[in-house]
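Heads up, the thing below is written out as structure tokens.
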Amino acid sequence: MKELLIIAIGSAIVNNVVLSQFLGICPFLGVSKKVETASGMGGAVIFVITIASFITGLIYKFILVPLNISYLQTIVFILVIAALVQFVEMFLKKSMPSLYNALGVYLPLITTNCAVLGVALTNVQKDYGILTGVVNGIGTSVGFAIAIIIMAGIREKIEYNDISESFQGTPIVLITAALMSIAFFGFSGLI
Amino acid sequence: MNGCTERVYNGLIKENPTFVLMLGMCPTLAVTTSAINGVGMGLSTTVVLVLSNMLISMLRKIIPDSVRMPAFIVVVASFVTIVQFLLEGFVPSLYASLGLYIPLIVVNCIILGRAESYASKNPVVLSIFDGIGMGLGFTVGLTAIGLVRELIGSGKVFGFQLLPLADVASGQAGYVPVTIFILAPGAFLVLAGLTALQNKVKLNAAKKGKKVTEAAGCGEGCASCGGCSGKVFPTGNEKE
């Protein structure tokens with residue numbers, strides 16, 4: 001139990017997926033203009049990564065390893081994730097329309113969020129079991145949600161600031177990310 | 001200018017994936033702690049890009065339109081796996097320092113973007129040169145960022161100590177490296193500086209009344225990187 005907690009906190013805060021591993025930069029920069037959309041994206045990512053790390057863990061352990069074809073992991077994982085995202089989307093649309101309305105727009109964007117594939121591959125590389133893998137997935141995606149929501153909050157305020165012309169848009173967002181990343185370095189002594 | 005050199009010029013300068021299109025930001029920020037890593041990542045991506053462009057262009061009349069994205073992904077993922085094994089076997093040190101980011105070439109927007117927007121519509125030779133141009137453009141971008149970070153962060157260029165380091169113990173004067181530039185925040189700072197510089201150039205050009213090509217890229221939201229958003233598998237109810 002203690003180990004699981006350490007893995008969860010480690011992947012959520014200490015090794016934050018966006019700010020220290022640079023996975024999922026695209027949505028982090030693209031969908032962080034408003035807190036509302038950012039939390040939608042964060043929720044969708046938590047949802048998909050949790051399921052994806054469970055399913056890829058199962059596939060790796062019970063299909064790829066017994067058949068001795070674990071070298072196919074990249075191909076299998078990306079196809080599984082792509083199919084899974086669309087399956088989740090269709091399932092939500094049919095059975096949970098309210099959740100679909102909240103997350104629906106963000107789901108297709110997640111296929112190419114490298115954090116999803118990144119978590120699946122990290123779980124394999126670090127020899128995590130299925131439970132540990134899912135905990136790592138939850139931790140990582142919560143870390144993503146924390147980062148993107150904080151970023152959106154800051155960007156809403158930046159709107160009112162007077163920024164020199166050439167730094168408007170992406171550059172000021174990147175500088176904000178740099179400062180957040182420095183702040184998150186403060187957590188590195190936590191574990 | 002004939003078609004092939006035009007493609008290379010287009011990838012290197014006009015639509016440079018790193019500085020103009022802002023595609024493939026994950027590896028751009030993550031592996032550019034040194035110039036060597038930048039070159040390694042850039043060249044690996046180039047190899048995958050050229051081969052996948054070639055194969056996808058060859059198969060463009062065979063792959064049915066409705067399943068093209070999964071087909072592209074399988075092609076790209078296979079080449080990535082091959083490149084991963086070659087790197088592991090022949091340059092294990094580079095493989096160790098690039099680590100997780102080699103298999104993640106699969107989800108690099110540049111590759112699927114080029115497959116969707118160029119290779120699936122154009123003949124084989126042109127697609128190969130498009131891959132070479134885009135790949136080299138990406139390599140140049142990564143190397144440039146890597147050079148800046150390595151020089152400021154450790155005073156080295158391609159592993160060679162360009163600026164002699166200060167030694168506190170013997171009181172020798174020299175360069176004190178700004179370590180933060182090799183750490184994560186440095187990546188964001190250097191990229192922010194470079195995009196601001198590019199904005200400046202664009203603004204100046206706009207003031208002189210020149211036409212500037214709009215950058216469409218991940219900075220504007222992933223929806224605009226061609227082919228890498230949207231649905232991978234057809235659900236049967238897309239509006240064409």
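We name chains A, B, ... following the order of the structure tokens; residues begin at 1 in each chain, and ligands are numbered from 1 as shown.
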Residues of chain A no more than 6 Å from chain B, counting only C-alpha atoms: send them over as a ChimeraX atom specification.
/A:20,22-23,25-26,29-30,75,108-109,112,166-167,171,174-175,178,181-182
Would you save the residues from that selection as a compact mmCIF listing (two decimals), in the first residue's frame, using N, CA, C and O atoms?
# COMPACT_ATOMS: atom_id res chain seq x y z
N SER A 20 7.87 17.96 -16.19
CA SER A 20 9.24 17.47 -16.16
C SER A 20 9.49 16.36 -17.17
O SER A 20 10.62 16.09 -17.49
N PHE A 22 7.59 16.28 -20.22
CA PHE A 22 7.20 16.84 -21.51
C PHE A 22 6.28 15.94 -22.32
O PHE A 22 6.36 15.91 -23.53
N LEU A 23 5.42 15.16 -21.65
CA LEU A 23 4.44 14.40 -22.42
C LEU A 23 3.12 15.17 -22.39
O LEU A 23 2.76 15.76 -21.38
N ILE A 25 2.34 17.83 -24.28
CA ILE A 25 2.53 19.27 -24.40
C ILE A 25 1.47 19.89 -25.31
O ILE A 25 0.98 20.98 -25.04
N CYS A 26 1.08 19.17 -26.37
CA CYS A 26 0.12 19.74 -27.33
C CYS A 26 -1.18 20.19 -26.65
O CYS A 26 -1.52 21.36 -26.74
N LEU A 29 -0.66 23.14 -24.18
CA LEU A 29 -0.57 24.49 -24.75
C LEU A 29 -1.85 24.86 -25.48
O LEU A 29 -2.22 26.03 -25.52
N GLY A 30 -2.52 23.87 -26.06
CA GLY A 30 -3.64 24.17 -26.95
C GLY A 30 -4.97 24.36 -26.24
O GLY A 30 -5.75 25.22 -26.62
N ILE A 75 3.31 -1.06 -31.54
CA ILE A 75 2.23 -1.16 -32.53
C ILE A 75 0.91 -1.53 -31.85
O ILE A 75 -0.12 -0.91 -32.08
N PRO A 108 -11.57 12.69 -28.82
CA PRO A 108 -10.78 12.37 -30.02
C PRO A 108 -9.37 12.94 -29.96
O PRO A 108 -8.45 12.37 -30.53
N LEU A 109 -9.19 14.05 -29.27
CA LEU A 109 -7.87 14.67 -29.20
C LEU A 109 -6.89 13.83 -28.39
O LEU A 109 -5.68 14.01 -28.49
N THR A 112 -3.80 11.15 -29.77
CA THR A 112 -2.42 11.55 -30.05
C THR A 112 -1.78 12.26 -28.87
O THR A 112 -0.71 12.82 -29.00
N SER A 166 5.90 40.92 -29.22
CA SER A 166 6.45 39.68 -29.75
C SER A 166 6.32 38.52 -28.78
O SER A 166 6.49 37.37 -29.16
N PHE A 167 6.00 38.80 -27.50
CA PHE A 167 5.84 37.71 -26.55
C PHE A 167 4.39 37.25 -26.40
O PHE A 167 4.11 36.34 -25.64
N PRO A 171 4.81 32.33 -26.82
CA PRO A 171 5.99 32.58 -25.97
C PRO A 171 5.66 32.82 -24.51
O PRO A 171 6.30 32.22 -23.63
N LEU A 174 4.78 29.63 -22.82
CA LEU A 174 5.96 28.80 -22.56
C LEU A 174 6.73 29.31 -21.35
O LEU A 174 7.24 28.53 -20.55
N ILE A 175 6.83 30.63 -21.21
CA ILE A 175 7.55 31.19 -20.06
C ILE A 175 6.80 30.85 -18.77
O ILE A 175 7.41 30.45 -17.76
N ALA A 178 7.60 27.42 -17.93
CA ALA A 178 8.95 27.32 -17.35
C ALA A 178 8.91 27.65 -15.86
O ALA A 178 9.51 26.94 -15.04
N SER A 181 7.31 24.92 -13.98
CA SER A 181 8.23 23.78 -13.91
C SER A 181 9.27 23.99 -12.82
O SER A 181 9.63 23.07 -12.08
N ILE A 182 9.76 25.25 -12.69
CA ILE A 182 10.70 25.55 -11.61
C ILE A 182 10.03 25.33 -10.25
O ILE A 182 10.59 24.72 -9.34
Run DSSP on the backbone of this structure and report the residues of segment 102-226 of chain B it assigns to helix (DSSP H, G or I), as a ChimeraX atom specification.
/B:103-107,109-119,124-154,179-181,184-207,218-220,222-224
Neighbours of Leu58 of chain A within 12 Å (only C-alpha atoms; same-chain residues fewer than 3 positions away dropped), as a PDB file with N, CA, C and O atoms, in the first residue's frame?
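Okay, this is what ended up in selection_33.pdb:
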ATOM      1  N   ILE A  51      -8.237   3.726 -17.821  1.00  0.00           N
ATOM      2  CA  ILE A  51      -8.685   2.537 -18.541  1.00  0.00           C
ATOM      3  C   ILE A  51      -7.565   1.989 -19.415  1.00  0.00           C
ATOM      4  O   ILE A  51      -7.319   0.778 -19.460  1.00  0.00           O
ATOM      5  N   ALA A  52      -6.849   2.899 -20.114  1.00  0.00           N
ATOM      6  CA  ALA A  52      -5.819   2.447 -21.056  1.00  0.00           C
ATOM      7  C   ALA A  52      -4.702   1.711 -20.324  1.00  0.00           C
ATOM      8  O   ALA A  52      -4.206   0.692 -20.814  1.00  0.00           O
ATOM      9  N   SER A  53      -4.298   2.200 -19.126  1.00  0.00           N
ATOM     10  CA  SER A  53      -3.191   1.511 -18.472  1.00  0.00           C
ATOM     11  C   SER A  53      -3.636   0.143 -17.969  1.00  0.00           C
ATOM     12  O   SER A  53      -2.845  -0.800 -17.952  1.00  0.00           O
ATOM     13  N   PHE A  54      -4.920   0.015 -17.625  1.00  0.00           N
ATOM     14  CA  PHE A  54      -5.437  -1.295 -17.218  1.00  0.00           C
ATOM     15  C   PHE A  54      -5.445  -2.271 -18.403  1.00  0.00           C
ATOM     16  O   PHE A  54      -4.905  -3.377 -18.335  1.00  0.00           O
ATOM     17  N   ILE A  55      -6.024  -1.811 -19.543  1.00  0.00           N
ATOM     18  CA  ILE A  55      -6.156  -2.696 -20.702  1.00  0.00           C
ATOM     19  C   ILE A  55      -4.787  -3.062 -21.284  1.00  0.00           C
ATOM     20  O   ILE A  55      -4.520  -4.230 -21.586  1.00  0.00           O
ATOM     21  N   LYS A  61       0.525  -8.573 -20.324  1.00  0.00           N
ATOM     22  CA  LYS A  61       0.799  -9.718 -19.465  1.00  0.00           C
ATOM     23  C   LYS A  61       0.234 -11.022 -20.024  1.00  0.00           C
ATOM     24  O   LYS A  61       0.881 -12.060 -19.971  1.00  0.00           O
ATOM     25  N   PHE A  62      -0.986 -10.964 -20.587  1.00  0.00           N
ATOM     26  CA  PHE A  62      -1.640 -12.215 -20.965  1.00  0.00           C
ATOM     27  C   PHE A  62      -1.581 -12.530 -22.455  1.00  0.00           C
ATOM     28  O   PHE A  62      -1.919 -13.629 -22.863  1.00  0.00           O
ATOM     29  N   ILE A  63      -1.183 -11.575 -23.288  1.00  0.00           N
ATOM     30  CA  ILE A  63      -1.085 -11.889 -24.715  1.00  0.00           C
ATOM     31  C   ILE A  63       0.349 -11.763 -25.224  1.00  0.00           C
ATOM     32  O   ILE A  63       0.911 -12.713 -25.764  1.00  0.00           O
ATOM     33  N   LEU A  64       0.956 -10.592 -25.030  1.00  0.00           N
ATOM     34  CA  LEU A  64       2.262 -10.359 -25.648  1.00  0.00           C
ATOM     35  C   LEU A  64       3.355 -11.213 -25.017  1.00  0.00           C
ATOM     36  O   LEU A  64       4.154 -11.834 -25.711  1.00  0.00           O
ATOM     37  N   VAL A  65       3.411 -11.288 -23.673  1.00  0.00           N
ATOM     38  CA  VAL A  65       4.480 -12.046 -23.020  1.00  0.00           C
ATOM     39  C   VAL A  65       4.360 -13.554 -23.270  1.00  0.00           C
ATOM     40  O   VAL A  65       5.327 -14.186 -23.695  1.00  0.00           O
ATOM     41  N   PRO A  66       3.167 -14.182 -23.058  1.00  0.00           N
ATOM     42  CA  PRO A  66       3.072 -15.616 -23.316  1.00  0.00           C
ATOM     43  C   PRO A  66       3.405 -15.995 -24.756  1.00  0.00           C
ATOM     44  O   PRO A  66       3.998 -17.038 -25.009  1.00  0.00           O
ATOM     45  N   PHE A  77       0.000  -1.303 -28.632  1.00  0.00           N
ATOM     46  CA  PHE A  77      -0.510  -0.303 -27.681  1.00  0.00           C
ATOM     47  C   PHE A  77      -1.184   0.860 -28.386  1.00  0.00           C
ATOM     48  O   PHE A  77      -2.265   1.288 -27.993  1.00  0.00           O
ATOM     49  N   VAL A  80      -4.510  -0.214 -29.758  1.00  0.00           N
ATOM     50  CA  VAL A  80      -5.468  -0.449 -28.684  1.00  0.00           C
ATOM     51  C   VAL A  80      -5.965   0.884 -28.122  1.00  0.00           C
ATOM     52  O   VAL A  80      -7.170   1.070 -27.915  1.00  0.00           O
ATOM     53  N   ALA A 120       1.600   3.777 -20.821  1.00  0.00           N
ATOM     54  CA  ALA A 120       1.576   2.345 -21.138  1.00  0.00           C
ATOM     55  C   ALA A 120       2.989   1.799 -21.276  1.00  0.00           C
ATOM     56  O   ALA A 120       3.317   0.726 -20.752  1.00  0.00           O
ATOM     57  N   ASN A 123       4.932   1.734 -17.871  1.00  0.00           N
ATOM     58  CA  ASN A 123       4.505   0.604 -17.045  1.00  0.00           C
ATOM     59  C   ASN A 123       5.256  -0.659 -17.431  1.00  0.00           C
ATOM     60  O   ASN A 123       5.675  -1.429 -16.571  1.00  0.00           O
ATOM     61  N   VAL A 124       5.443  -0.869 -18.759  1.00  0.00           N
ATOM     62  CA  VAL A 124       6.161  -2.053 -19.212  1.00  0.00           C
ATOM     63  C   VAL A 124       7.644  -1.951 -18.870  1.00  0.00           C
ATOM     64  O   VAL A 124       8.244  -2.886 -18.338  1.00  0.00           O
ATOM     65  N   TYR A 128       5.991  -2.786 -13.974  1.00  0.00           N
ATOM     66  CA  TYR A 128       4.886  -2.648 -13.043  1.00  0.00           C
ATOM     67  C   TYR A 128       3.863  -3.747 -13.300  1.00  0.00           C
ATOM     68  O   TYR A 128       3.619  -4.122 -14.442  1.00  0.00           O
ATOM     69  N   GLY A 129       3.243  -4.257 -12.235  1.00  0.00           N
ATOM     70  CA  GLY A 129       2.125  -5.185 -12.397  1.00  0.00           C
ATOM     71  C   GLY A 129       0.891  -4.404 -12.815  1.00  0.00           C
ATOM     72  O   GLY A 129       0.960  -3.187 -13.003  1.00  0.00           O
ATOM     73  N   ILE A 130      -0.244  -5.105 -12.943  1.00  0.00           N
ATOM     74  CA  ILE A 130      -1.432  -4.411 -13.445  1.00  0.00           C
ATOM     75  C   ILE A 130      -1.927  -3.365 -12.450  1.00  0.00           C
ATOM     76  O   ILE A 130      -2.181  -2.221 -12.824  1.00  0.00           O
ATOM     77  N   LEU A 131      -2.004  -3.740 -11.158  1.00  0.00           N
ATOM     78  CA  LEU A 131      -2.496  -2.789 -10.164  1.00  0.00           C
ATOM     79  C   LEU A 131      -1.564  -1.575 -10.067  1.00  0.00           C
ATOM     80  O   LEU A 131      -2.011  -0.428 -10.123  1.00  0.00           O
ATOM     81  N   GLY A 133       0.455  -0.531 -12.287  1.00  0.00           N
ATOM     82  CA  GLY A 133       0.349   0.214 -13.530  1.00  0.00           C
ATOM     83  C   GLY A 133      -0.843   1.153 -13.526  1.00  0.00           C
ATOM     84  O   GLY A 133      -0.724   2.313 -13.930  1.00  0.00           O
ATOM     85  N   VAL A 134      -1.990   0.658 -13.041  1.00  0.00           N
ATOM     86  CA  VAL A 134      -3.184   1.503 -12.999  1.00  0.00           C
ATOM     87  C   VAL A 134      -2.962   2.677 -12.039  1.00  0.00           C
ATOM     88  O   VAL A 134      -3.300   3.822 -12.355  1.00  0.00           O
TER      89      VAL A 134
END
As an exercise, work out the distance from atom CA of Thr139 of chain B to atom CA of Leu43 of chain B in Å and give it to one decimal place.
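It comes out at 6.2 Å.
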Quick one: pull the distance between atom CA of Asn10 of chain B and atom CA of Gly133 of chain B, Å, one decimal.
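Taking atom CA of Asn10 of chain B and atom CA of Gly133 of chain B, their separation equals 6.8 Å.
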Pairwise distance for atom CA of Met41 of chain A and atom CA of Pro17 of chain B, rounded to one decimal in Å:
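Computed distance, atom CA of Met41 of chain A to atom CA of Pro17 of chain B, equals 25.4 Å.
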Determine, for each residue of segment 24-97 of chain B having at least one atom at most 9 Å from an atom of segment 125-131 of chain B, the closest pair of atoms and their separation in Å to one decimal, counting only C-alpha atoms; order by chain and ascending number, as JSON lines.
{"residue": "B:Thr46", "atom": "CA", "partner": "B:Gly131", "partner_atom": "CA", "distance": 6.9}
{"residue": "B:Val47", "atom": "CA", "partner": "B:Gly131", "partner_atom": "CA", "distance": 8.4}
{"residue": "B:Val48", "atom": "CA", "partner": "B:Gly131", "partner_atom": "CA", "distance": 8.7}
{"residue": "B:Leu49", "atom": "CA", "partner": "B:Gly131", "partner_atom": "CA", "distance": 5.3}
{"residue": "B:Val50", "atom": "CA", "partner": "B:Gly131", "partner_atom": "CA", "distance": 4.4}
{"residue": "B:Leu51", "atom": "CA", "partner": "B:Ile128", "partner_atom": "CA", "distance": 7.5}
{"residue": "B:Ser52", "atom": "CA", "partner": "B:Gly131", "partner_atom": "CA", "distance": 8.5}
{"residue": "B:Asn53", "atom": "CA", "partner": "B:Ser127", "partner_atom": "CA", "distance": 5.7}
{"residue": "B:Met54", "atom": "CA", "partner": "B:Ile128", "partner_atom": "CA", "distance": 5.4}
{"residue": "B:Ile56", "atom": "CA", "partner": "B:Ser127", "partner_atom": "CA", "distance": 8.9}
{"residue": "B:Ser57", "atom": "CA", "partner": "B:Ser127", "partner_atom": "CA", "distance": 6.6}
For Val176 of chain B, find every residue with an atom within 9 Å (counting only C-alpha atoms), except residues of its own chain fewer than 6 positions away, and show them as a count of residues only.
7
